[in-house]
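Quick look at input.cif (mmCIF, C-alpha atoms and all ligand atoms):
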data_my_file
#
loop_
_atom_site.label_atom_id
_atom_site.label_comp_id
_atom_site.auth_asym_id
_atom_site.auth_seq_id
_atom_site.Cartn_x
_atom_site.Cartn_y
_atom_site.Cartn_z
CA MET A 1 -28.84 29.14 -22.03
CA ILE A 2 -29.85 28.51 -18.40
CA GLN A 3 -28.33 25.05 -18.63
CA THR A 4 -25.02 26.54 -19.79
CA ILE A 5 -25.02 29.00 -16.88
CA ILE A 6 -25.75 26.19 -14.39
CA VAL A 7 -22.94 24.04 -15.81
CA PHE A 8 -20.60 27.05 -15.70
CA LEU A 9 -21.54 27.75 -12.04
CA ILE A 10 -21.02 24.11 -11.05
CA ILE A 11 -17.57 24.04 -12.71
CA TRP A 12 -16.70 27.38 -11.07
CA LEU A 13 -17.83 26.03 -7.66
CA ILE A 14 -15.77 22.84 -8.05
CA ILE A 15 -12.65 24.78 -9.08
CA THR A 16 -13.12 27.22 -6.19
CA LEU A 17 -13.53 24.33 -3.73
CA ILE A 18 -10.38 22.62 -5.07
CA LEU A 19 -8.41 25.85 -4.72
CA VAL A 20 -9.89 26.95 -1.40
CA LYS A 21 -9.88 23.64 0.48
CA PRO A 22 -6.08 23.46 1.00
CA ILE A 23 -6.07 27.07 2.25
CA LEU A 24 -8.90 26.33 4.71
CA THR A 25 -7.08 23.16 5.86
CA ILE A 26 -3.89 25.10 6.57
CA LYS A 27 -5.87 27.76 8.46
CA GLN A 28 -7.71 25.14 10.52
CA ARG A 29 -4.45 23.33 11.32
CA ASN A 30 -2.73 26.54 12.38
CA ARG A 31 -5.66 27.32 14.67
CA LEU A 32 -5.46 23.84 16.24
CA LYS A 33 -1.68 24.06 16.65
CA ASN A 34 -1.93 27.41 18.40
CA ARG A 35 -4.59 26.21 20.85
CA SER A 36 -3.25 25.94 24.40
CA PHE A 37 -2.26 22.40 25.29
CA SER A 38 -4.12 20.84 28.20
CA PRO A 39 -1.92 20.37 31.32
CA LEU A 40 -3.64 16.98 31.82
CA TRP A 41 -2.64 15.91 28.30
CA ASN A 42 0.88 17.10 28.97
CA ALA A 43 1.03 15.01 32.16
CA ILE A 44 -0.25 11.91 30.31
CA ILE A 45 2.44 12.32 27.66
CA GLU A 46 5.14 12.88 30.29
CA ASN A 47 4.12 9.61 31.94
CA ASN A 48 3.96 7.58 28.76
CA LEU A 49 6.46 8.95 26.26
CA PRO A 50 9.91 8.62 27.83
CA ILE A 51 11.72 10.66 25.19
CA TYR A 52 9.36 13.61 25.72
CA PHE A 53 11.88 14.82 28.31
CA CYS A 54 14.67 14.63 25.76
CA LEU A 55 12.99 16.98 23.29
CA SER A 56 13.75 20.69 23.36
CA SER A 57 10.96 23.02 24.50
CA GLU A 58 10.52 24.09 20.86
CA GLN A 59 10.20 20.45 19.72
CA ARG A 60 7.71 19.74 22.51
CA ARG A 61 5.63 22.74 21.48
CA ARG A 62 5.58 21.57 17.86
CA LEU A 63 4.76 18.01 18.92
CA GLN A 64 1.81 19.30 20.97
CA GLY A 65 0.56 21.22 17.93
CA HIS A 66 0.79 18.16 15.69
CA ILE A 67 -1.02 16.04 18.29
CA GLN A 68 -3.96 18.49 18.33
CA VAL A 69 -4.24 18.34 14.52
CA PHE A 70 -3.85 14.54 14.49
CA LEU A 71 -6.59 14.02 17.10
CA THR A 72 -8.97 16.27 15.19
CA GLU A 73 -8.38 14.71 11.78
CA LYS A 74 -8.08 10.99 12.57
CA GLN A 75 -10.84 8.68 13.72
CA PHE A 76 -10.22 6.03 16.38
CA ILE A 77 -12.30 2.85 16.37
CA GLY A 78 -12.25 0.39 19.27
CA CYS A 79 -12.41 -3.26 18.19
CA ARG A 80 -13.46 -6.43 20.03
CA GLY A 81 -15.33 -4.34 22.61
CA LEU A 82 -12.45 -1.98 23.43
CA GLN A 83 -13.46 1.51 24.53
CA VAL A 84 -10.77 3.82 23.18
CA THR A 85 -10.15 6.42 25.90
CA GLU A 86 -8.77 9.91 25.51
CA GLU A 87 -5.54 8.71 27.13
CA MET A 88 -5.15 5.88 24.58
CA LYS A 89 -5.69 8.28 21.67
CA LEU A 90 -3.23 10.74 23.13
CA ILE A 91 -0.46 8.17 23.64
CA ILE A 92 -0.84 6.82 20.09
CA ALA A 93 -0.95 10.36 18.66
CA ALA A 94 2.13 11.47 20.64
CA VAL A 95 4.31 8.60 19.38
CA ALA A 96 3.01 8.88 15.80
CA CYS A 97 3.58 12.64 15.68
CA LEU A 98 7.27 12.22 16.58
CA LEU A 99 7.57 11.23 12.91
CA LEU A 100 6.14 14.60 11.86
CA LEU A 101 8.69 16.81 13.59
CA ASN A 102 10.43 17.27 10.23
CA GLU A 103 7.59 19.69 9.41
CA ARG A 104 6.57 18.24 6.05
CA ARG A 105 3.09 19.67 6.70
CA GLN A 106 1.48 16.33 5.94
CA TYR A 107 -0.49 14.37 8.53
CA PHE A 108 -0.41 10.83 7.15
CA PRO A 109 -2.74 11.98 4.33
CA ARG A 110 -3.96 8.52 3.27
CA LEU A 111 -4.94 7.55 6.79
CA ARG A 112 -8.46 8.11 8.06
CA SER A 113 -9.08 5.53 10.81
CA ILE A 114 -7.00 3.87 13.50
CA LEU A 115 -8.48 0.56 14.64
CA VAL A 116 -7.41 -0.40 18.16
CA TYR A 117 -7.71 -3.97 19.45
CA PRO A 118 -7.28 -4.76 23.16
CA SER A 119 -4.41 -7.16 22.40
CA ALA A 120 -2.99 -9.19 19.50
CA TYR A 121 -5.63 -9.97 16.89
CA ILE A 122 -5.95 -12.99 14.67
CA VAL A 123 -6.04 -12.82 10.87
CA LYS A 124 -6.30 -15.53 8.24
CA GLU A 125 -3.33 -15.70 5.89
CA THR A 126 -2.84 -17.80 2.80
CA ALA A 127 0.60 -19.16 2.07
CA ALA A 128 1.74 -21.12 -0.96
CA ILE A 129 3.38 -24.47 -0.24
CA GLY A 130 5.13 -25.74 -3.34
CA ASP A 131 3.53 -25.06 -6.72
CA TYR A 132 -0.03 -26.18 -6.13
CA ILE A 133 -0.96 -26.29 -2.45
CA VAL A 134 -2.19 -23.11 -0.78
CA GLU A 135 -2.46 -23.30 2.97
CA GLU A 136 -4.72 -21.05 5.01
CA ARG A 137 -3.47 -20.34 8.50
CA ARG A 138 -4.40 -18.11 11.43
CA VAL A 139 -1.71 -15.73 12.64
CA ALA A 140 -1.59 -13.25 15.54
CA ARG A 141 -0.72 -9.66 14.66
CA LEU A 142 0.19 -6.61 16.76
CA GLY A 143 -0.29 -3.99 14.08
CA GLU A 144 -0.85 -3.34 10.40
CA SER A 145 -0.78 -0.38 8.05
CA TRP A 146 -2.94 -0.37 4.94
CA THR A 147 -2.22 1.68 1.83
CA LYS A 148 -5.91 2.60 1.67
CA ASP A 149 -7.03 4.42 4.79
CA GLN A 150 -6.65 2.28 7.90
CA LEU A 151 -4.05 1.36 10.44
CA ILE A 152 -4.49 -1.31 13.11
CA LEU A 153 -2.84 -1.48 16.54
CA SER A 154 -2.89 -3.78 19.57
CA TRP A 155 -3.35 -1.54 22.61
CA GLU A 156 -1.55 -4.07 24.84
CA GLN A 157 1.52 -3.76 22.60
CA VAL A 158 1.31 0.05 22.41
CA LYS A 159 1.28 0.19 26.21
CA GLN A 160 4.09 -2.34 26.50
CA ASP A 161 6.22 -0.27 24.11
CA THR A 162 5.87 2.82 26.30
CA ILE A 163 7.50 0.98 29.22
CA SER A 164 10.17 -0.75 27.17
CA TRP A 165 11.48 2.19 25.15
CA GLN A 166 15.06 1.39 24.04
CA ASP A 167 14.36 -2.28 23.21
CA GLY A 168 14.27 -1.28 19.53
CA ARG A 169 10.63 -2.22 19.05
CA ASN A 170 7.67 0.10 18.85
CA VAL A 171 4.51 -0.84 17.02
CA VAL A 172 3.28 2.76 16.65
CA LEU A 173 6.58 3.99 15.16
CA HIS A 174 6.63 0.93 12.91
CA GLU A 175 3.11 1.22 11.50
CA PHE A 176 3.22 4.99 11.07
CA ALA A 177 6.60 4.72 9.31
CA HIS A 178 4.72 2.47 6.86
CA GLN A 179 2.19 5.28 6.41
CA LEU A 180 5.01 7.66 5.46
CA ASP A 181 6.34 5.08 3.03
CA GLN A 182 2.85 4.49 1.57
CA GLU A 183 2.09 8.18 1.07
CA ASP A 184 2.72 7.92 -2.69
CA GLY A 185 0.60 4.76 -2.89
CA LYS A 186 3.48 2.29 -2.92
CA ALA A 187 5.19 0.54 -0.02
CA LYS A 188 8.79 0.19 -1.13
CA GLY A 189 10.85 1.58 1.73
CA VAL A 190 11.19 5.09 0.31
CA PRO A 191 9.16 7.92 1.87
CA ILE A 192 8.72 11.23 0.06
CA LEU A 193 12.07 12.97 0.45
CA GLN A 194 12.79 16.69 0.59
CA ARG A 195 14.62 17.02 -2.73
CA ASN A 196 14.82 14.90 -5.88
CA SER A 197 18.59 14.78 -5.41
CA ASP A 198 18.05 12.93 -2.08
CA TYR A 199 16.68 9.77 -3.74
CA PRO A 200 19.86 8.26 -5.25
CA ILE A 201 21.83 8.40 -1.99
CA TRP A 202 18.81 7.07 -0.03
CA ALA A 203 18.49 4.16 -2.45
CA LYS A 204 22.22 3.37 -2.27
CA VAL A 205 22.50 3.54 1.54
CA MET A 206 19.25 1.70 2.31
CA THR A 207 19.78 -1.02 -0.32
CA GLU A 208 23.30 -1.74 0.91
CA ALA A 209 22.16 -1.83 4.55
CA TYR A 210 19.20 -4.07 3.66
CA GLN A 211 21.46 -6.50 1.82
CA GLN A 212 23.95 -6.44 4.69
CA LEU A 213 21.17 -7.24 7.18
CA CYS A 214 19.93 -10.15 5.01
CA HIS A 215 23.51 -11.46 4.83
CA ASP A 216 24.13 -11.10 8.59
CA ILE A 217 20.88 -12.82 9.53
CA LEU A 218 21.68 -15.73 7.17
CA GLN A 219 25.12 -16.02 8.79
CA GLY A 220 23.62 -15.97 12.29
CA ILE A 221 25.34 -12.69 13.18
CA ASN A 222 23.72 -10.53 15.90
CA THR A 223 22.32 -7.34 14.39
CA VAL A 224 21.19 -3.97 15.77
CA ILE A 225 18.33 -3.75 13.27
CA ASP A 226 15.75 -6.45 13.98
CA SER A 227 15.70 -9.46 11.63
CA TYR A 228 12.11 -8.62 10.64
CA GLY A 229 13.70 -5.92 8.50
CA THR A 230 14.85 -8.62 6.09
CA THR A 231 11.22 -9.25 5.02
CA ASN A 232 11.41 -6.60 2.27
CA PRO A 233 12.66 -2.98 1.83
CA ALA A 234 9.39 -1.54 3.20
CA GLU A 235 9.77 -3.51 6.45
CA PHE A 236 13.43 -2.54 6.53
CA PHE A 237 12.50 1.17 6.58
CA ALA A 238 9.87 0.62 9.31
CA VAL A 239 12.25 -1.43 11.49
CA ALA A 240 15.16 0.99 10.90
CA THR A 241 12.87 3.81 12.07
CA GLU A 242 12.16 1.92 15.32
CA THR A 243 15.91 1.43 15.80
CA PHE A 244 16.65 5.09 15.04
CA PHE A 245 14.34 6.30 17.81
CA GLU A 246 15.00 3.55 20.36
CA LYS A 247 18.65 2.53 19.83
CA PRO A 248 20.22 5.57 18.16
CA HIS A 249 23.72 5.05 19.53
CA GLN A 250 23.89 1.45 18.33
CA LEU A 251 22.46 2.41 14.93
CA LEU A 252 24.97 5.25 14.51
CA SER A 253 27.83 3.00 15.55
CA HIS A 254 26.92 0.04 13.29
CA HIS A 255 25.15 1.78 10.39
CA PRO A 256 26.30 5.45 10.35
CA ALA A 257 25.05 6.03 6.79
CA VAL A 258 21.56 4.71 7.67
CA TYR A 259 21.52 6.89 10.80
CA GLN A 260 22.46 9.95 8.73
CA GLN A 261 19.72 9.29 6.18
CA LEU A 262 17.09 8.95 8.91
CA GLN A 263 18.48 11.95 10.79
CA HIS A 264 18.19 14.01 7.61
CA TYR A 265 14.70 12.70 6.86
CA TYR A 266 13.20 13.03 10.38
CA GLN A 267 15.21 16.19 11.15
CA LEU A 268 16.05 14.77 14.56
CA ASP A 269 19.28 13.67 16.19
CA PRO A 270 18.39 11.11 18.90
CA VAL A 271 22.03 10.43 19.87
CA GLN A 272 21.92 13.85 21.52
CA TRP A 273 19.09 12.71 23.76
CA ASN A 274 20.06 11.74 27.27
CA TYR A 275 18.81 8.16 27.14
CA PRO A 276 20.28 6.90 30.46
CA SER A 277 18.03 9.35 32.30
CA LEU A 278 14.92 7.88 30.73
CA LYS A 279 14.41 5.02 33.14
CA LYS A 280 13.51 7.22 36.08
CA HIS A 281 10.63 8.72 34.07
CA VAL A 282 9.14 5.42 32.98
CA GLN A 283 6.29 4.22 35.17
ZN ZN A 301 5.62 -3.77 8.99
#

Starting from the file, give its structure as structure tokens.
Amino acid sequence: MIQTIIVFLIIWLIITLILVKPILTIKQRNRLKNRSFSPLWNAIIENNLPIYFCLSSEQRRRLQGHIQVFLTEKQFIGCRGLQVTEEMKLIIAAVACLLLLNERRQYFPRLRSILVYPSAYIVKETAAIGDYIVEERRVARLGESWTKDQLILSWEQVKQDTISWQDGRNVVLHEFAHQLDQEDGKAKGVPILQRNSDYPIWAKVMTEAYQQLCHDILQGINTVIDSYGTTNPAEFFAVATETFFEKPHQLLSHHPAVYQQLQHYYQLDPVQWNYPSLKKHVQ
């Protein structure tokens, strides 16, 4: 009898925890979002995120809220002796949270830790040569996003990207776009969209643009979307995201359908941002 009661209580406790945890998480996040944002943090973001000035005051307020949640929930780990400072965390969080302004209420749920290297890091890769020979080689990387729970960044590259906004490359946007794509456990270039009816048009537009990019690169034609996007559809989505934020006018002009899909997904319209005025803010 006692055993039955204990089993019943354990099951009841587990069910309660499963039901209560999401409510507590939402409450905790709302509390963090409503906390006043440090003027020092604001100054650091102003100095390192050029498009911060292009956001509306409402978007800035929401970005600040997301940053506070992000910094509370994610763990930063310095690698190869790097001490990850508050400023480093803040800059990475600010760029990553631009991708959350569509208010999906998810904070890269699979991600727990962000590993930061001082500069490019070396990994061993195996590559098949022909049918039988497998070659092991060492390659330098600037960032990586894992489907499990980690994301890796080169701090040197993150910093470089803050001063070269508009070159179409941004390692933080790239790796965190992969996190959005990997949210359902698969990296296939399709993040979780708002409605089921959004998937067919996304698939059509992105597949056509991916094939067009592969064709143009093979033909030696200059492209707005970086050639790395030809690697596979997942890389295409990550690279297109970088282009959307950093070269919106060119993307809209050359790939209007891709721009519209990303505009709808991110709920942002970067062509409205006054990009020419950015340079004076970059230090
Ligand atoms: Zn990638």

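Every residue having at least one atom no farther than 7 Å from ligand ZN 301 (chain A) is included below, with all atoms listed in the file taken into account: Glu144, His174, Glu175, His178, Glu235 and Ala238 of chain A.
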
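The residue that comes closest to Asp216 in chain A, out of A:Leu173, A:Tyr121, A:Thr230, A:Asn274 and on the basis of only C-alpha atoms, is A:Thr230.
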
Around (-8.4, 15.1, 19.8), as given in the file, which residues come within 10 Å? Count only C-alpha atoms and list them as a VMD selection string. chain A and resid 32 67 to 76 86 89 to 90 93

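The residue that comes closest to Tyr117 in chain A, out of A:Arg29, A:Arg61, A:Lys159, A:His255 and on the basis of all atoms listed in the file, is A:Lys159.
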
Every residue with an atom at most 10 Å from (2.9, 9.8, 0.7) (file coordinates; all atoms listed in the file) is what I'm after, so could you write them as a list in words?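 The answer, in the requested form, is Gln106, Tyr107, Phe108, Pro109, Arg110, Thr147, His178, Gln179, Leu180, Asp181, Gln182, Glu183, Asp184, Gly185, Lys186, Ala187, Val190, Pro191, Ile192 and Leu193 of chain A.
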
Tell me, in Å to one decimal, how far CA of Asn42 in chain A is from CA of Arg60 in chain A. 9.8 Å

Quick one, how far is CA of Ile45 in chain A from CA of Cys97 in chain A?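 One can read the CA of Ile45 in chain A to CA of Cys97 in chain A distance as 12.0 Å.
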
What is the distance, in Å and to one decimal place, between CA of Gly81 in chain A and CA of Trp165 in chain A?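 That distance, rounded to one decimal, is 27.7 Å.
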
Check the smallest atom-to-atom distance from each of A:Arg80, A:His66, A:Arg195, A:Arg105 to Pro22 in chain A using all atoms listed in the file, then report the winner.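 Counting all atoms listed in the file, the residue closest to Pro22 in chain A is A:Arg105.
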
Just need range 139-170 of chain A in a file, please: N, CA and C atoms, as a PDB file, in the first residue's frame.
ATOM      1  N   VAL A 139      42.202  21.417 -40.697  1.00  0.00           N
ATOM      2  CA  VAL A 139      41.635  22.625 -41.314  1.00  0.00           C
ATOM      3  C   VAL A 139      41.333  23.673 -40.236  1.00  0.00           C
ATOM      4  N   ALA A 140      41.472  24.953 -40.631  1.00  0.00           N
ATOM      5  CA  ALA A 140      41.185  26.058 -39.700  1.00  0.00           C
ATOM      6  C   ALA A 140      39.709  26.417 -39.814  1.00  0.00           C
ATOM      7  N   ARG A 141      39.063  26.620 -38.673  1.00  0.00           N
ATOM      8  CA  ARG A 141      37.645  27.002 -38.679  1.00  0.00           C
ATOM      9  C   ARG A 141      37.422  28.272 -37.857  1.00  0.00           C
ATOM     10  N   LEU A 142      36.375  29.022 -38.253  1.00  0.00           N
ATOM     11  CA  LEU A 142      36.043  30.268 -37.554  1.00  0.00           C
ATOM     12  C   LEU A 142      34.800  30.108 -36.686  1.00  0.00           C
ATOM     13  N   GLY A 143      34.047  29.048 -36.947  1.00  0.00           N
ATOM     14  CA  GLY A 143      32.842  28.812 -36.163  1.00  0.00           C
ATOM     15  C   GLY A 143      32.199  27.496 -36.555  1.00  0.00           C
ATOM     16  N   GLU A 144      31.339  27.025 -35.670  1.00  0.00           N
ATOM     17  CA  GLU A 144      30.677  25.737 -35.879  1.00  0.00           C
ATOM     18  C   GLU A 144      29.413  25.696 -35.021  1.00  0.00           C
ATOM     19  N   SER A 145      28.382  25.051 -35.525  1.00  0.00           N
ATOM     20  CA  SER A 145      27.176  24.887 -34.722  1.00  0.00           C
ATOM     21  C   SER A 145      26.836  23.410 -34.676  1.00  0.00           C
ATOM     22  N   TRP A 146      26.705  22.875 -33.475  1.00  0.00           N
ATOM     23  CA  TRP A 146      26.399  21.450 -33.345  1.00  0.00           C
ATOM     24  C   TRP A 146      24.927  21.253 -33.053  1.00  0.00           C
ATOM     25  N   THR A 147      24.383  20.150 -33.586  1.00  0.00           N
ATOM     26  CA  THR A 147      22.962  19.869 -33.324  1.00  0.00           C
ATOM     27  C   THR A 147      22.744  19.522 -31.855  1.00  0.00           C
ATOM     28  N   LYS A 148      23.802  19.078 -31.166  1.00  0.00           N
ATOM     29  CA  LYS A 148      23.606  18.686 -29.763  1.00  0.00           C
ATOM     30  C   LYS A 148      23.421  19.919 -28.880  1.00  0.00           C
ATOM     31  N   ASP A 149      24.478  20.473 -28.356  1.00  0.00           N
ATOM     32  CA  ASP A 149      24.256  21.582 -27.425  1.00  0.00           C
ATOM     33  C   ASP A 149      25.363  22.632 -27.427  1.00  0.00           C
ATOM     34  N   GLN A 150      26.224  22.603 -28.431  1.00  0.00           N
ATOM     35  CA  GLN A 150      27.345  23.545 -28.420  1.00  0.00           C
ATOM     36  C   GLN A 150      27.471  24.329 -29.716  1.00  0.00           C
ATOM     37  N   LEU A 151      28.058  25.490 -29.567  1.00  0.00           N
ATOM     38  CA  LEU A 151      28.338  26.338 -30.726  1.00  0.00           C
ATOM     39  C   LEU A 151      29.745  26.902 -30.482  1.00  0.00           C
ATOM     40  N   ILE A 152      30.541  26.980 -31.523  1.00  0.00           N
ATOM     41  CA  ILE A 152      31.934  27.420 -31.372  1.00  0.00           C
ATOM     42  C   ILE A 152      32.154  28.681 -32.203  1.00  0.00           C
ATOM     43  N   LEU A 153      32.898  29.626 -31.649  1.00  0.00           N
ATOM     44  CA  LEU A 153      33.187  30.877 -32.361  1.00  0.00           C
ATOM     45  C   LEU A 153      34.646  31.265 -32.187  1.00  0.00           C
ATOM     46  N   SER A 154      35.203  31.917 -33.196  1.00  0.00           N
ATOM     47  CA  SER A 154      36.519  32.549 -33.080  1.00  0.00           C
ATOM     48  C   SER A 154      36.267  34.010 -32.698  1.00  0.00           C
ATOM     49  N   TRP A 155      36.798  34.422 -31.552  1.00  0.00           N
ATOM     50  CA  TRP A 155      36.556  35.795 -31.100  1.00  0.00           C
ATOM     51  C   TRP A 155      37.138  36.802 -32.092  1.00  0.00           C
ATOM     52  N   GLU A 156      38.304  36.498 -32.632  1.00  0.00           N
ATOM     53  CA  GLU A 156      38.933  37.405 -33.609  1.00  0.00           C
ATOM     54  C   GLU A 156      37.970  37.675 -34.774  1.00  0.00           C
ATOM     55  N   GLN A 157      37.283  36.629 -35.227  1.00  0.00           N
ATOM     56  CA  GLN A 157      36.356  36.783 -36.348  1.00  0.00           C
ATOM     57  C   GLN A 157      35.104  37.557 -35.929  1.00  0.00           C
ATOM     58  N   VAL A 158      34.610  37.260 -34.709  1.00  0.00           N
ATOM     59  CA  VAL A 158      33.429  37.985 -34.210  1.00  0.00           C
ATOM     60  C   VAL A 158      33.729  39.475 -34.197  1.00  0.00           C
ATOM     61  N   LYS A 159      34.901  39.829 -33.674  1.00  0.00           N
ATOM     62  CA  LYS A 159      35.283  41.240 -33.568  1.00  0.00           C
ATOM     63  C   LYS A 159      35.446  41.861 -34.962  1.00  0.00           C
ATOM     64  N   GLN A 160      36.087  41.110 -35.841  1.00  0.00           N
ATOM     65  CA  GLN A 160      36.285  41.590 -37.214  1.00  0.00           C
ATOM     66  C   GLN A 160      34.932  41.877 -37.884  1.00  0.00           C
ATOM     67  N   ASP A 161      33.969  40.997 -37.641  1.00  0.00           N
ATOM     68  CA  ASP A 161      32.643  41.157 -38.257  1.00  0.00           C
ATOM     69  C   ASP A 161      31.918  42.410 -37.766  1.00  0.00           C
ATOM     70  N   THR A 162      32.212  42.840 -36.542  1.00  0.00           N
ATOM     71  CA  THR A 162      31.537  44.041 -36.044  1.00  0.00           C
ATOM     72  C   THR A 162      32.047  45.288 -36.769  1.00  0.00           C
ATOM     73  N   ILE A 163      33.289  45.242 -37.265  1.00  0.00           N
ATOM     74  CA  ILE A 163      33.815  46.433 -37.959  1.00  0.00           C
ATOM     75  C   ILE A 163      33.690  46.311 -39.481  1.00  0.00           C
ATOM     76  N   SER A 164      33.221  45.178 -39.946  1.00  0.00           N
ATOM     77  CA  SER A 164      33.049  45.056 -41.400  1.00  0.00           C
ATOM     78  C   SER A 164      31.611  44.654 -41.736  1.00  0.00           C
ATOM     79  N   TRP A 165      30.678  45.202 -40.975  1.00  0.00           N
ATOM     80  CA  TRP A 165      29.257  44.955 -41.254  1.00  0.00           C
ATOM     81  C   TRP A 165      28.995  45.448 -42.677  1.00  0.00           C
ATOM     82  N   GLN A 166      28.226  44.751 -43.434  1.00  0.00           N
ATOM     83  CA  GLN A 166      27.911  45.066 -44.833  1.00  0.00           C
ATOM     84  C   GLN A 166      28.813  44.326 -45.814  1.00  0.00           C
ATOM     85  N   ASP A 167      29.767  43.496 -45.322  1.00  0.00           N
ATOM     86  CA  ASP A 167      30.554  42.716 -46.285  1.00  0.00           C
ATOM     87  C   ASP A 167      29.861  41.378 -46.582  1.00  0.00           C
ATOM     88  N   GLY A 168      28.714  41.159 -45.933  1.00  0.00           N
ATOM     89  CA  GLY A 168      27.933  39.950 -46.212  1.00  0.00           C
ATOM     90  C   GLY A 168      28.363  38.745 -45.395  1.00  0.00           C
ATOM     91  N   ARG A 169      29.352  38.946 -44.513  1.00  0.00           N
ATOM     92  CA  ARG A 169      29.819  37.808 -43.712  1.00  0.00           C
ATOM     93  C   ARG A 169      29.732  38.132 -42.230  1.00  0.00           C
ATOM     94  N   ASN A 170      29.191  37.195 -41.476  1.00  0.00           N
ATOM     95  CA  ASN A 170      29.088  37.395 -40.032  1.00  0.00           C
ATOM     96  C   ASN A 170      28.973  36.027 -39.376  1.00  0.00           C
TER      97      ASN A 170
END
